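Chemist: Quick one, entry39.cif (mmCIF, C-alpha atoms and all ligand atoms):
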```cif
data_upload
#
loop_
_atom_site.label_atom_id
_atom_site.label_comp_id
_atom_site.auth_asym_id
_atom_site.auth_seq_id
_atom_site.Cartn_x
_atom_site.Cartn_y
_atom_site.Cartn_z
CA MET Z 3 31.85 -9.93 137.52
CA THR Z 4 28.73 -7.86 137.67
CA ALA Z 5 25.27 -9.38 137.93
CA SER Z 6 22.90 -8.39 135.18
CA ASP Z 7 20.13 -5.89 135.57
CA THR Z 8 17.42 -5.30 133.01
CA THR Z 9 19.20 -2.31 131.50
CA SER Z 10 22.61 -3.88 130.93
CA PRO Z 11 23.18 -4.90 127.33
CA ILE Z 12 22.90 -8.63 126.78
CA LEU Z 13 25.94 -8.42 124.50
CA ARG Z 14 28.64 -5.80 124.60
CA ALA Z 15 31.53 -5.69 122.15
CA ARG Z 16 34.45 -3.33 122.62
CA ALA Z 17 37.37 -2.52 120.33
CA LEU Z 18 36.98 -5.65 118.20
CA HIS Z 19 39.74 -6.32 115.69
CA GLN Z 20 39.87 -9.30 113.40
CA SER Z 21 42.15 -9.94 110.45
CA TYR Z 22 42.40 -12.69 107.86
CA GLY Z 23 45.93 -12.50 106.48
CA GLN Z 24 46.23 -9.02 105.01
CA THR Z 25 42.47 -8.36 105.24
CA GLN Z 26 41.35 -6.35 108.24
CA ALA Z 27 37.74 -7.50 108.55
CA LEU Z 28 37.09 -5.60 111.81
CA ARG Z 29 39.05 -2.47 112.71
CA GLY Z 30 37.84 -1.43 116.15
CA ILE Z 31 34.13 -2.10 116.59
CA ASP Z 32 32.07 -1.13 119.63
CA VAL Z 33 28.49 -2.42 119.76
CA ASP Z 34 25.84 -2.92 122.43
CA VAL Z 35 22.99 -5.34 121.88
CA HIS Z 36 20.15 -4.49 124.24
CA ARG Z 37 18.14 -7.15 126.02
CA GLY Z 38 15.08 -8.21 124.03
CA GLU Z 39 15.72 -5.97 121.04
CA VAL Z 40 15.79 -6.90 117.38
CA LEU Z 41 18.97 -5.33 116.04
CA ALA Z 42 19.71 -5.12 112.32
CA VAL Z 43 23.36 -5.05 111.27
CA MET Z 44 23.56 -3.38 107.87
CA GLY Z 45 26.39 -2.63 105.52
CA PRO Z 46 27.81 -3.33 102.09
CA SER Z 47 29.10 -6.74 101.15
CA GLY Z 48 32.55 -7.40 102.59
CA SER Z 49 32.20 -4.71 105.27
CA GLY Z 50 32.63 -7.18 108.15
CA LYS Z 51 29.03 -7.96 109.16
CA SER Z 52 29.41 -11.74 109.29
CA THR Z 53 32.75 -11.47 111.07
CA LEU Z 54 31.11 -9.22 113.68
CA LEU Z 55 28.27 -11.71 114.14
CA HIS Z 56 30.78 -14.55 114.53
CA CYS Z 57 32.55 -12.61 117.27
CA LEU Z 58 29.32 -11.70 119.08
CA ALA Z 59 28.13 -15.31 118.97
CA GLY Z 60 31.45 -16.80 120.05
CA VAL Z 61 31.93 -18.65 116.76
CA ILE Z 62 35.38 -17.08 116.67
CA ALA Z 63 37.44 -15.30 119.32
CA PRO Z 64 38.59 -11.92 117.95
CA ASP Z 65 42.28 -11.06 117.54
CA GLN Z 66 41.75 -8.12 119.89
CA GLY Z 67 38.89 -6.69 121.92
CA THR Z 68 36.20 -8.15 124.15
CA VAL Z 69 32.72 -9.56 123.82
CA THR Z 70 30.77 -9.73 127.05
CA TYR Z 71 27.57 -11.75 127.35
CA THR Z 72 25.31 -11.06 130.33
CA PRO Z 73 22.43 -13.55 130.55
CA SER Z 74 19.24 -12.42 132.31
CA GLY Z 75 19.76 -12.87 136.02
CA GLY Z 76 23.29 -14.16 135.49
CA ASP Z 77 26.85 -12.95 135.70
CA ALA Z 78 28.67 -11.22 132.89
CA LEU Z 79 30.80 -13.63 130.91
CA GLU Z 80 33.66 -12.64 128.64
CA ILE Z 81 32.99 -14.87 125.64
CA SER Z 82 36.03 -13.63 123.74
CA ALA Z 83 38.31 -15.09 126.42
CA LEU Z 84 36.82 -18.62 126.36
CA ASN Z 85 38.40 -21.52 124.49
CA GLU Z 86 36.55 -23.16 121.62
CA PRO Z 87 34.98 -26.08 123.58
CA LYS Z 88 33.54 -23.63 126.11
CA ARG Z 89 32.30 -21.29 123.41
CA SER Z 90 30.75 -24.24 121.63
CA ARG Z 91 28.84 -25.29 124.76
CA LEU Z 92 27.70 -21.71 125.28
CA ARG Z 93 26.46 -21.44 121.68
CA LEU Z 94 24.49 -24.65 121.99
CA SER Z 95 22.80 -23.70 125.25
CA GLU Z 96 22.27 -19.94 124.76
CA PHE Z 97 22.19 -19.05 121.07
CA GLY Z 98 20.26 -19.94 117.94
CA PHE Z 99 21.46 -19.48 114.36
CA VAL Z 100 19.83 -18.94 110.99
CA PHE Z 101 21.83 -18.51 107.79
CA GLN Z 102 21.04 -17.62 104.21
CA PHE Z 103 20.85 -21.17 102.92
CA GLY Z 104 21.84 -24.80 103.13
CA GLN Z 105 21.26 -25.39 106.78
CA LEU Z 106 18.75 -28.23 106.71
CA LEU Z 107 19.89 -31.81 106.49
CA PRO Z 108 18.42 -32.94 103.16
CA GLU Z 109 17.77 -36.55 104.18
CA LEU Z 110 15.79 -35.66 107.32
CA THR Z 111 12.16 -34.52 107.44
CA ALA Z 112 11.32 -30.95 108.44
CA LEU Z 113 10.19 -32.18 111.84
CA ASP Z 114 13.40 -34.15 112.44
CA ASN Z 115 15.50 -31.20 111.32
CA VAL Z 116 13.81 -28.97 113.88
CA SER Z 117 14.21 -31.46 116.69
CA ILE Z 118 17.99 -31.97 116.24
CA PRO Z 119 19.12 -29.31 118.73
CA LEU Z 120 16.75 -30.71 121.37
CA LEU Z 121 17.99 -34.26 120.82
CA LEU Z 122 21.59 -33.01 121.08
CA GLY Z 123 20.56 -31.42 124.37
CA ARG Z 124 19.22 -34.80 125.53
CA THR Z 125 15.52 -33.97 125.44
CA LYS Z 126 13.45 -37.17 125.10
CA ARG Z 127 12.51 -37.90 121.48
CA ALA Z 128 8.72 -37.76 121.97
CA GLU Z 129 8.99 -34.46 123.81
CA ALA Z 130 11.39 -33.09 121.18
CA LEU Z 131 9.06 -33.99 118.33
CA HIS Z 132 6.09 -32.53 120.14
CA ARG Z 133 7.79 -29.18 120.72
CA SER Z 134 9.17 -29.11 117.18
CA GLY Z 135 5.70 -29.77 115.76
CA GLU Z 136 4.22 -26.92 117.80
CA LEU Z 137 6.86 -24.54 116.51
CA LEU Z 138 6.29 -25.58 112.90
CA ASP Z 139 2.59 -24.83 113.40
CA ARG Z 140 3.41 -21.40 114.78
CA LEU Z 141 5.47 -20.69 111.68
CA GLY Z 142 2.60 -21.55 109.39
CA LEU Z 143 3.93 -25.00 108.49
CA ASP Z 144 1.17 -27.18 109.92
CA GLY Z 145 1.10 -30.49 108.10
CA MET Z 146 4.55 -29.98 106.55
CA GLY Z 147 6.53 -31.83 109.23
CA ALA Z 148 6.89 -35.02 107.21
CA LYS Z 149 8.27 -33.26 104.12
CA LEU Z 150 11.91 -33.42 103.12
CA PRO Z 151 13.73 -30.09 102.64
CA GLY Z 152 13.83 -30.70 98.88
CA GLU Z 153 10.04 -30.75 98.81
CA LEU Z 154 9.72 -27.32 100.43
CA SER Z 155 9.73 -23.86 98.84
CA GLY Z 156 12.57 -21.51 99.76
CA GLY Z 157 10.39 -19.63 102.22
CA GLN Z 158 9.12 -22.81 103.85
CA ALA Z 159 12.66 -24.16 104.21
CA GLN Z 160 13.76 -20.89 105.87
CA ARG Z 161 10.86 -21.13 108.30
CA VAL Z 162 11.95 -24.68 109.19
CA ALA Z 163 15.45 -23.28 109.80
CA VAL Z 164 13.95 -20.57 112.02
CA ALA Z 165 12.01 -23.21 113.96
CA ARG Z 166 15.19 -25.20 114.47
CA ALA Z 167 17.04 -22.11 115.68
CA LEU Z 168 14.28 -21.26 118.16
CA VAL Z 169 13.32 -24.72 119.39
CA THR Z 170 15.79 -24.61 122.31
CA ASN Z 171 14.38 -21.22 123.32
CA PRO Z 172 17.72 -19.42 122.96
CA ALA Z 173 18.47 -16.09 124.65
CA VAL Z 174 19.86 -14.66 121.42
CA LEU Z 175 18.99 -15.53 117.83
CA PHE Z 176 21.71 -14.72 115.31
CA ALA Z 177 20.48 -14.48 111.73
CA ASP Z 178 22.90 -13.86 108.85
CA GLU Z 179 20.93 -12.69 105.78
CA PRO Z 180 18.04 -15.01 106.76
CA THR Z 181 15.93 -13.94 103.81
CA GLY Z 182 18.79 -13.18 101.42
CA SER Z 183 17.80 -15.85 98.93
CA LEU Z 184 14.04 -15.26 98.99
CA ASP Z 185 11.75 -13.08 96.89
CA SER Z 186 10.02 -10.09 98.53
CA LEU Z 187 6.80 -11.83 99.43
CA ALA Z 188 8.39 -14.98 100.87
CA SER Z 189 10.88 -12.81 102.68
CA GLU Z 190 8.14 -10.74 104.34
CA ASN Z 191 6.37 -13.87 105.36
CA VAL Z 192 9.44 -15.38 107.03
CA LEU Z 193 10.34 -12.13 108.79
CA THR Z 194 6.82 -11.47 110.05
CA LEU Z 195 6.38 -14.95 111.48
CA MET Z 196 9.90 -15.13 112.92
CA LEU Z 197 9.71 -11.74 114.62
CA GLU Z 198 6.20 -12.28 115.94
CA LEU Z 199 7.48 -15.36 117.68
CA VAL Z 200 10.67 -13.85 119.11
CA ARG Z 201 8.89 -10.71 120.31
CA GLU Z 202 6.35 -12.83 122.12
CA VAL Z 203 9.08 -14.72 123.96
CA GLY Z 204 11.44 -11.75 124.35
CA THR Z 205 14.31 -13.35 122.44
CA THR Z 206 17.08 -10.91 121.52
CA VAL Z 207 17.84 -10.93 117.79
CA VAL Z 208 20.94 -9.87 115.87
CA MET Z 209 20.04 -9.92 112.20
CA ILE Z 210 22.45 -9.17 109.39
CA THR Z 211 20.99 -7.75 106.23
CA HIS Z 212 22.13 -5.44 103.47
CA ASP Z 213 18.48 -4.86 102.59
CA ALA Z 214 16.74 -1.82 104.09
CA ARG Z 215 13.24 -3.25 103.84
CA THR Z 216 14.39 -6.26 105.85
CA ALA Z 217 16.16 -4.04 108.38
CA ALA Z 218 12.94 -2.07 108.82
CA TYR Z 219 11.49 -5.07 110.68
CA ALA Z 220 14.07 -4.53 113.42
CA ASP Z 221 13.83 -2.11 116.35
CA ARG Z 222 17.14 -0.47 115.53
CA GLU Z 223 20.01 -0.75 113.11
CA VAL Z 224 23.75 -0.25 113.09
CA MET Z 225 25.78 0.27 109.98
CA VAL Z 226 29.12 -1.46 109.39
CA ARG Z 227 31.44 0.06 106.85
CA ASP Z 228 35.00 -1.13 106.17
CA GLY Z 229 35.20 -2.92 109.50
CA VAL Z 230 34.02 0.00 111.63
CA ILE Z 231 30.60 1.18 112.79
CA GLY Z 232 29.20 4.04 110.68
CA ALA Z 233 29.73 7.57 112.00
CA GLY Z 234 26.06 8.09 112.83
CA TYR Z 235 25.70 4.82 114.78
CA ARG Z 236 28.50 4.82 117.33
CA VAL Z 237 27.88 4.02 121.02
CA SER Z 238 28.81 6.84 123.35
CA SER Z 239 30.55 4.88 126.13
CA MET T 4 -1.08 13.06 95.75
CA ASN T 5 -3.67 15.26 94.06
CA ASN T 6 -6.69 15.41 96.39
CA SER T 7 -9.04 17.18 93.97
CA LEU T 8 -8.50 14.73 91.17
CA THR T 9 -8.74 11.82 93.57
CA LEU T 10 -12.12 13.10 94.77
CA LEU T 11 -13.19 13.66 91.19
CA GLY T 12 -12.15 10.10 90.36
CA LEU T 13 -14.18 8.75 93.28
CA LEU T 14 -17.17 10.79 92.14
CA SER T 15 -16.88 9.39 88.62
CA ARG T 16 -18.11 6.03 89.92
CA GLN T 17 -21.59 7.34 90.84
CA PRO T 18 -23.27 10.53 92.08
CA SER T 19 -22.55 10.99 95.79
CA TYR T 20 -23.07 13.24 98.80
CA GLY T 21 -20.04 15.18 100.02
CA TYR T 22 -20.21 13.23 103.24
CA ASP T 23 -19.97 9.87 101.44
CA LEU T 24 -17.15 11.13 99.24
CA LYS T 25 -15.13 12.12 102.25
CA HIS T 26 -15.60 8.69 103.77
CA SER T 27 -14.65 6.90 100.56
CA TYR T 28 -11.57 9.05 100.39
CA ASP T 29 -10.59 8.34 103.99
CA ARG T 30 -11.15 4.64 103.51
CA TYR T 31 -8.88 4.31 100.48
CA PHE T 32 -6.41 7.13 100.92
CA GLY T 33 -6.83 8.61 104.41
CA MET T 34 -4.22 6.45 106.20
CA GLY T 35 -3.99 8.44 109.42
CA LYS T 36 -4.62 11.69 107.54
CA PRO T 37 -8.38 12.00 106.88
CA LEU T 38 -9.66 14.88 104.75
CA ALA T 39 -11.36 17.78 106.54
CA PHE T 40 -14.98 18.34 105.56
CA GLY T 41 -14.11 21.96 104.79
CA GLN T 42 -11.55 20.85 102.28
CA VAL T 43 -14.01 18.48 100.61
CA TYR T 44 -16.64 21.20 100.22
CA SER T 45 -14.22 23.85 98.99
CA THR T 46 -12.87 21.37 96.46
CA LEU T 47 -16.40 20.50 95.32
CA ALA T 48 -17.23 24.20 94.97
CA ARG T 49 -14.16 24.75 92.80
CA MET T 50 -15.03 21.77 90.63
CA ILE T 51 -18.58 23.12 90.13
CA ARG T 52 -17.08 26.45 89.07
CA ASP T 53 -14.81 24.60 86.61
CA GLU T 54 -17.80 22.59 85.36
CA LEU T 55 -16.19 19.28 86.21
CA ILE T 56 -19.17 18.37 88.42
CA ARG T 57 -22.70 19.65 89.02
CA ALA T 58 -25.01 19.61 92.06
CA LEU T 59 -28.15 17.53 91.69
CA GLY T 60 -31.68 18.56 92.90
CA GLU T 61 -31.15 20.39 96.18
CA GLU T 62 -33.29 19.76 99.17
CA THR T 63 -34.91 22.89 100.57
CA GLY T 64 -32.65 25.08 102.67
CA ALA T 65 -29.99 22.41 102.52
CA GLY T 66 -26.34 23.11 103.31
CA PRO T 67 -23.64 21.60 101.12
CA ASP T 68 -23.85 18.28 102.98
CA ARG T 69 -27.40 17.73 101.75
CA LYS T 70 -26.46 18.02 98.09
CA LYS T 71 -25.67 15.19 95.80
CA TYR T 72 -22.95 15.76 93.20
CA GLU T 73 -22.49 14.28 89.76
CA ILE T 74 -19.49 14.30 87.44
CA THR T 75 -19.81 16.01 84.02
CA GLY T 76 -18.43 14.91 80.65
CA ALA T 77 -15.58 17.37 81.09
CA GLY T 78 -15.00 15.88 84.54
CA HIS T 79 -14.69 12.38 83.08
CA GLU T 80 -12.20 13.67 80.55
CA ARG T 81 -10.20 15.39 83.25
CA VAL T 82 -9.99 12.15 85.26
CA ARG T 83 -8.75 10.18 82.25
CA GLU T 84 -6.20 12.84 81.41
CA TRP T 85 -4.95 12.65 84.99
CA LEU T 86 -4.82 8.84 84.97
CA PHE T 87 -2.81 8.63 81.78
CA THR T 88 -0.34 11.44 82.30
CA PRO T 89 2.77 10.04 84.01
CA ASP T 90 4.15 11.94 87.00
CA VAL T 91 7.55 13.57 87.16
CA PRO T 92 9.60 11.53 89.64
CA SER T 93 10.03 13.52 92.83
CA GLU T 94 13.55 14.79 93.22
CA THR T 95 13.22 17.39 95.93
CA LEU T 96 14.61 15.39 98.82
CA GLN T 97 17.44 14.04 96.78
CA SER T 98 18.54 17.44 95.52
CA ASN T 99 18.55 18.92 99.02
CA LEU T 100 20.54 16.00 100.33
CA PHE T 101 22.85 16.30 97.36
CA ALA T 102 23.38 19.98 98.14
CA LYS T 103 24.07 19.26 101.81
CA THR T 104 26.56 16.55 100.92
CA VAL T 105 28.45 18.75 98.50
CA ILE T 106 28.50 21.67 100.94
CA ALA T 107 29.71 19.42 103.77
CA LEU T 108 32.57 18.25 101.60
CA LEU T 109 33.36 21.78 100.44
CA ILE T 110 33.55 23.12 103.99
CA ASP T 111 35.45 20.03 105.13
CA ASP T 112 32.69 18.84 107.45
CA ASP T 113 31.61 15.26 108.17
CA ALA T 114 29.63 14.20 105.09
CA ASP T 115 29.71 10.56 106.24
CA ARG T 116 27.89 11.48 109.41
CA LEU T 117 25.37 13.59 107.54
CA LEU T 118 24.54 10.64 105.28
CA ASP T 119 24.32 8.26 108.24
CA LEU T 120 21.93 10.60 110.02
CA GLN T 121 19.79 10.82 106.91
CA ARG T 122 19.87 7.04 106.64
CA ALA T 123 18.76 6.70 110.27
CA GLU T 124 15.87 9.08 109.57
CA HIS T 125 14.88 7.08 106.51
CA MET T 126 15.11 3.84 108.50
CA THR T 127 12.87 5.28 111.22
CA ARG T 128 10.22 6.06 108.62
CA MET T 129 10.61 2.61 107.09
CA ARG T 130 10.10 1.00 110.49
CA GLU T 131 6.91 3.04 110.99
CA LEU T 132 5.57 1.94 107.62
CA THR T 133 6.57 -1.67 108.29
CA ARG T 134 4.74 -1.56 111.62
CA LEU T 135 1.66 -0.07 109.96
CA LYS T 136 1.57 -3.01 107.55
CA LYS T 137 1.25 -5.49 110.37
CA ASP T 138 -2.48 -5.29 111.01
CA ALA T 139 -3.45 -3.45 107.85
CA ASP T 140 -5.76 -4.55 105.06
CA LEU T 141 -4.28 -5.17 101.63
CA LEU T 142 -5.03 -1.63 100.39
CA GLN T 143 -3.08 -0.08 103.23
CA VAL T 144 -0.29 -2.62 102.74
CA LEU T 145 0.05 -1.49 99.11
CA ILE T 146 0.32 2.15 100.13
CA CYS T 147 2.94 1.35 102.77
CA ASP T 148 4.92 -0.74 100.26
CA HIS T 149 4.88 2.14 97.83
CA GLY T 150 6.39 4.39 100.50
CA LEU T 151 8.90 1.73 101.53
CA PHE T 152 10.24 1.19 98.02
CA HIS T 153 10.62 4.93 97.48
CA ILE T 154 12.53 5.42 100.70
CA GLU T 155 14.64 2.42 99.81
CA ALA T 156 15.59 4.06 96.53
CA ASP T 157 16.85 7.12 98.42
CA LEU T 158 18.80 4.83 100.72
CA ARG T 159 20.54 3.24 97.77
CA TRP T 160 21.63 6.64 96.60
CA ILE T 161 22.90 7.40 100.11
CA GLU T 162 24.78 4.10 100.12
CA LEU T 163 26.46 4.69 96.79
CA THR T 164 27.29 8.27 97.69
CA SER T 165 28.81 7.14 101.01
CA ALA T 166 31.03 4.79 99.08
CA ARG T 167 32.06 7.60 96.72
CA LEU T 168 32.72 10.33 99.27
CA THR T 169 36.51 10.14 99.14
CA GLN T 170 36.53 10.34 95.37
CA LEU T 171 33.87 13.05 95.36
CA LYS T 172 35.87 15.14 97.79
CA LYS T 173 38.96 14.92 95.58
CA GLU T 174 37.02 16.03 92.54
CA LEU T 175 35.39 18.91 94.37
CA GLN T 176 38.69 20.16 95.71
CA SER T 177 40.39 20.03 92.34
CA ALA T 178 37.48 21.74 90.60
N1 LIG M 1 37.48 -16.92 106.87
C1 LIG M 1 37.95 -15.89 106.15
N2 LIG M 1 39.15 -16.00 105.51
C2 LIG M 1 39.64 -14.96 104.81
N3 LIG M 1 39.01 -13.79 104.64
C3 LIG M 1 37.83 -13.62 105.23
C4 LIG M 1 37.23 -14.66 106.01
N4 LIG M 1 36.05 -14.21 106.48
C5 LIG M 1 35.91 -12.96 106.01
N5 LIG M 1 36.97 -12.60 105.28
C6 LIG M 1 37.16 -11.28 104.66
O1 LIG M 1 36.88 -10.28 105.62
C7 LIG M 1 36.14 -9.22 105.08
C8 LIG M 1 34.79 -9.09 105.78
O2 LIG M 1 34.03 -10.25 105.48
P1 LIG M 1 32.58 -10.52 106.10
O3 LIG M 1 32.63 -10.34 107.56
O4 LIG M 1 32.13 -11.83 105.59
O5 LIG M 1 31.74 -9.32 105.43
P2 LIG M 1 30.16 -9.21 105.14
O6 LIG M 1 29.46 -10.25 105.94
O7 LIG M 1 29.82 -7.82 105.54
O8 LIG M 1 29.99 -9.41 103.66
C9 LIG M 1 36.00 -9.52 103.59
O9 LIG M 1 37.04 -8.85 102.92
C10 LIG M 1 36.19 -11.02 103.52
O10 LIG M 1 36.72 -11.40 102.28
MG MG M 2 28.23 -11.86 105.32
#
```
Give the structure from the file, written as structure tokens.
Modeler:
Amino acid sequence: MTASDTTSPILRARALHQSYGQTQALRGIDVDVHRGEVLAVMGPSGSGKSTLLHCLAGVIAPDQGTVTYTPSGGDALEISALNEPKRSRLRLSEFGFVFQFGQLLPELTALDNVSIPLLLGRTKRAEALHRSGELLDRLGLDGMGAKLPGELSGGQAQRVAVARALVTNPAVLFADEPTGSLDSLASENVLTLMLELVREVGTTVVMITHDARTAAYADREVMVRDGVIGAGYRVSS
Amino acid sequence: MNNSLTLLGLLSRQPSYGYDLKHSYDRYFGMGKPLAFGQVYSTLARMIRDELIRALGEETGAGPDRKKYEITGAGHERVREWLFTPDVPSETLQSNLFAKTVIALLIDDDADRLLDLQRAEHMTRMRELTRLKKDADLLQVLICDHGLFHIEADLRWIELTSARLTQLKKELQSA
């Protein structure tokens, strides 16, 4: 175990392999995610981006290879060696998630949707609602807290999802095609507000996108092709 | 972008001093690359020669910056001709990249890497333009978007070519 310093990557993946039956989704991936950066993971559909994200976030443990998470001021932790209950606890306390669609509970208001992770983490309800409301304001959704997801536009719903992912102040935000179902203008709006917020707090972001204009909001990109990192994007060590 | 015709277009709104024209230009089109005064005045001189503009009543002993310029009928026509003649899509970058890709395959070098490096370069430029948009006014945003969409088109070509490299190599070697 090595204690973290500011230069050590917050996430380090080495030699990741993952197969589904005959399909080799990952075929030896090495990636470093630097502390505080916004990293775009690009690549064609089916290239293994989501599988890579699931490994990095401890949603799955890879068939082979290691994922090491080093929290700020904490010890390095090999996520890939943890069992599911431990990974699940880690995800809840350290990570936030945004997906392409269908993440909001349709029968709950925007405000209640955002506060769920806090309530699961045993924050008092009044406090949870207060913090959720503040975050909705920051994402340009003032006055929308009482709306149901069905009453929101696609862009508004994605911003609620972003608020929910960030409300616990996670160390890493994982976003899988967060604007994949939005038009250009709504997409820009979501990205701008989301990244302004994470950059202010210093949250590390791993964002999957096949869209170059979306990736251009990141600090850096890596390219996944056929389950390996593209030739021009490999880490040297 | 055609600087002369852009200046002529700006001048077609109303008679102006060279100084004011330069500032209009910089405001709408300068984006980190303002026009030099020298370039403005040499362009104006050429347009006078070509009878697209004329200088209005000079002040005594005045240099070029004390003259007011006005567009002529021929100038107006020239502007309209420019506006309504579509441009040939630029293909220079693409053809050079195409040549490099083919050569890399022919000499058995790493075409994948070449395309990835080009992609990284394109992405760097896209990030710059995206950053510029952040605090820009709507005019600047439009210019950045124009650049972004163009670079994106190149990237799509790079993407498709990456996916076709194996096949392309086979065809080149059997040709
Ligand atoms: N749970 C799964 N079961 C079976 N095959 C899967 C599963 N997840 C992904 N795959 C396959 O693995 C490959 C990579 O998928 P994925 O990581 O989702 O790619 P991407 O996100 O880049 O589109 C694809 O061929 C996909 O069909
Ligand atoms: Mg995916």
Chemist: Based on all atoms listed in the file, which of the residues in chain T come within 9 Å of chain Z? I want them as a PyMOL selection string.
Modeler: chain T and resi 113+115-120+122-123+126-134+137+151-152+155+158-159+162
Chemist: Could you give me the residues within 10 Å of ligand LIG 1 (chain M), counting all atoms listed in the file, as a VMD selection string?
Modeler: chain Z and resid 20 to 28 43 to 57 178 to 179 210 to 212 226 to 229
Chemist: Restricted to C-alpha atoms, what would the selected residues look like written as a short mmCIF file (atom, residue, chain, number, x, y, z; two decimals), in the frame of the given file?
Modeler:
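Generated file (part03.cif):
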```cif
data_model
loop_
_atom_site.label_atom_id
_atom_site.label_comp_id
_atom_site.auth_asym_id
_atom_site.auth_seq_id
_atom_site.Cartn_x
_atom_site.Cartn_y
_atom_site.Cartn_z
CA GLN Z 20 39.87 -9.30 113.40
CA SER Z 21 42.15 -9.94 110.45
CA TYR Z 22 42.40 -12.69 107.86
CA GLY Z 23 45.93 -12.50 106.48
CA GLN Z 24 46.23 -9.02 105.01
CA THR Z 25 42.47 -8.36 105.24
CA GLN Z 26 41.35 -6.35 108.24
CA ALA Z 27 37.74 -7.50 108.55
CA LEU Z 28 37.09 -5.60 111.81
CA VAL Z 43 23.36 -5.05 111.27
CA MET Z 44 23.56 -3.38 107.87
CA GLY Z 45 26.39 -2.63 105.52
CA PRO Z 46 27.81 -3.33 102.09
CA SER Z 47 29.10 -6.74 101.15
CA GLY Z 48 32.55 -7.40 102.59
CA SER Z 49 32.20 -4.71 105.27
CA GLY Z 50 32.63 -7.18 108.15
CA LYS Z 51 29.03 -7.96 109.16
CA SER Z 52 29.41 -11.74 109.29
CA THR Z 53 32.75 -11.47 111.07
CA LEU Z 54 31.11 -9.22 113.68
CA LEU Z 55 28.27 -11.71 114.14
CA HIS Z 56 30.78 -14.55 114.53
CA CYS Z 57 32.55 -12.61 117.27
CA ASP Z 178 22.90 -13.86 108.85
CA GLU Z 179 20.93 -12.69 105.78
CA ILE Z 210 22.45 -9.17 109.39
CA THR Z 211 20.99 -7.75 106.23
CA HIS Z 212 22.13 -5.44 103.47
CA VAL Z 226 29.12 -1.46 109.39
CA ARG Z 227 31.44 0.06 106.85
CA ASP Z 228 35.00 -1.13 106.17
CA GLY Z 229 35.20 -2.92 109.50
#
```
Chemist: Range 120-136 of chain Z: which residues within 10 Å, counting only C-alpha atoms, same-chain residues fewer than 3 positions away excluded, as a list of chain:residue names?
Modeler: Z:Leu94, Z:Ser95, Z:Ala112, Z:Leu113, Z:Asp114, Z:Asn115, Z:Val116, Z:Ser117, Z:Asp139, Z:Arg140, Z:Leu141, Z:Leu143, Z:Asp144, Z:Gly145, Z:Met146, Z:Gly147, Z:Val162, Z:Ala165, Z:Arg166, Z:Leu168, Z:Val169, Z:Thr170, Z:Asn171
Chemist: Go through Z:Ile62, Z:Glu153, Z:His36, Z:Pro180 and flag the residue nearest ligand MG 2 (chain M), using only C-alpha atoms and all ligand atoms for the distances.
Modeler: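 Distance minimum relative to ligand MG 2 (chain M) lands on Z:Pro180.
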Chemist: Leaving out Thr181 in chain Z and any residue of its chain fewer than 6 positions from it, which residues lie within 8 Å of it when counting all atoms listed in the file, given as a PyMOL selection string?
Modeler: chain Z and resi 102+160+189+192-193
Chemist: Between CA of Gly142 in chain Z and CA of Glu96 in chain Z, measure the distance and give it in Å to one decimal.
Modeler: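 CA of Gly142 in chain Z sits 25.0 Å away from CA of Glu96 in chain Z.
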Chemist: Grab the CA of Phe97 in chain Z to CA of Arg29 in chain Z distance for me, in Å with one decimal place.
Modeler: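 So the answer is 25.1 Å.
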Chemist: For range 102-104 of chain T, list every protein, DNA or RNA residue within 9 Å, evaluated using all atoms listed in the file, and leave out those in the same chain fewer than 2 positions away; present the list as a VMD selection string.
Modeler: chain T and resid 97 to 100 106 to 109 113 to 115 117 to 118 164 168
Chemist: Could you jot down the CA of Asn6 in chain T to CA of Asp29 in chain T separation for me, Å, one decimal place?
Modeler: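 Here the two named atoms are 11.1 Å from each other.
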Chemist: Quick one: residues within 6 Å of Phe176 in chain Z, only C-alpha atoms, excluding same-chain residues fewer than 5 positions away - as a PyMOL selection string?
Modeler: chain Z and resi 99+207-209
Chemist: Fewer than 2 positions away in the same chain doesn't count, so skip those; otherwise give me all residues within 7 Å of range 82-86 of chain T, counting all atoms listed in the file, as a ChimeraX atom specification.
Modeler: /T:8,11-12,78-80,88
Chemist: For a quick check of understanding, using all atoms listed in the file, which of T:Ile74, T:Leu145, T:Leu10, T:Gly60 has the smallest distance to Ser45 in chain T?
Modeler: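 With all atoms listed in the file as the atom set, the closest residue is T:Leu10.
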Chemist: Closest to Val35 in chain Z among Z:Gly67, Z:Pro73, Z:Gly152, Z:Pro172, using all atoms listed in the file?
Modeler: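 For Val35 in chain Z, the nearest of the candidates is Z:Pro73.
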Chemist: Pull the neighbourhood of (-6.6, 22.1, 96.0) for me: all residues within 12 Å in file coordinates, counting all atoms listed in the file, as a list in words.
Modeler: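 Residues close enough to count: Met4, Asn5, Asn6, Ser7, Leu8, Thr9, Leu10, Leu11, Leu38, Gly41, Gln42, Val43, Tyr44, Ser45, Thr46, Leu47, Ala48, Arg49 and Met50 of chain T.
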Chemist: Can you work out which one of Z:Leu197, Z:Gly182, Z:Ala167, Z:Gly30 has the shortest atom-to-atom distance to ligand MG 2 (chain M), counting all atoms listed in the file?
Modeler: Z:Gly182
Chemist: Using only C-alpha atoms and all ligand atoms for the distances, tell me which of Z:Ala177, Z:Leu199, Z:Asp185, Z:Val69 is nearest to ligand MG 2 (chain M).
Modeler: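 Going through Z:Ala177, Z:Leu199, Z:Asp185, Z:Val69 one by one, the smallest distance to ligand MG 2 (chain M) is for Z:Ala177.
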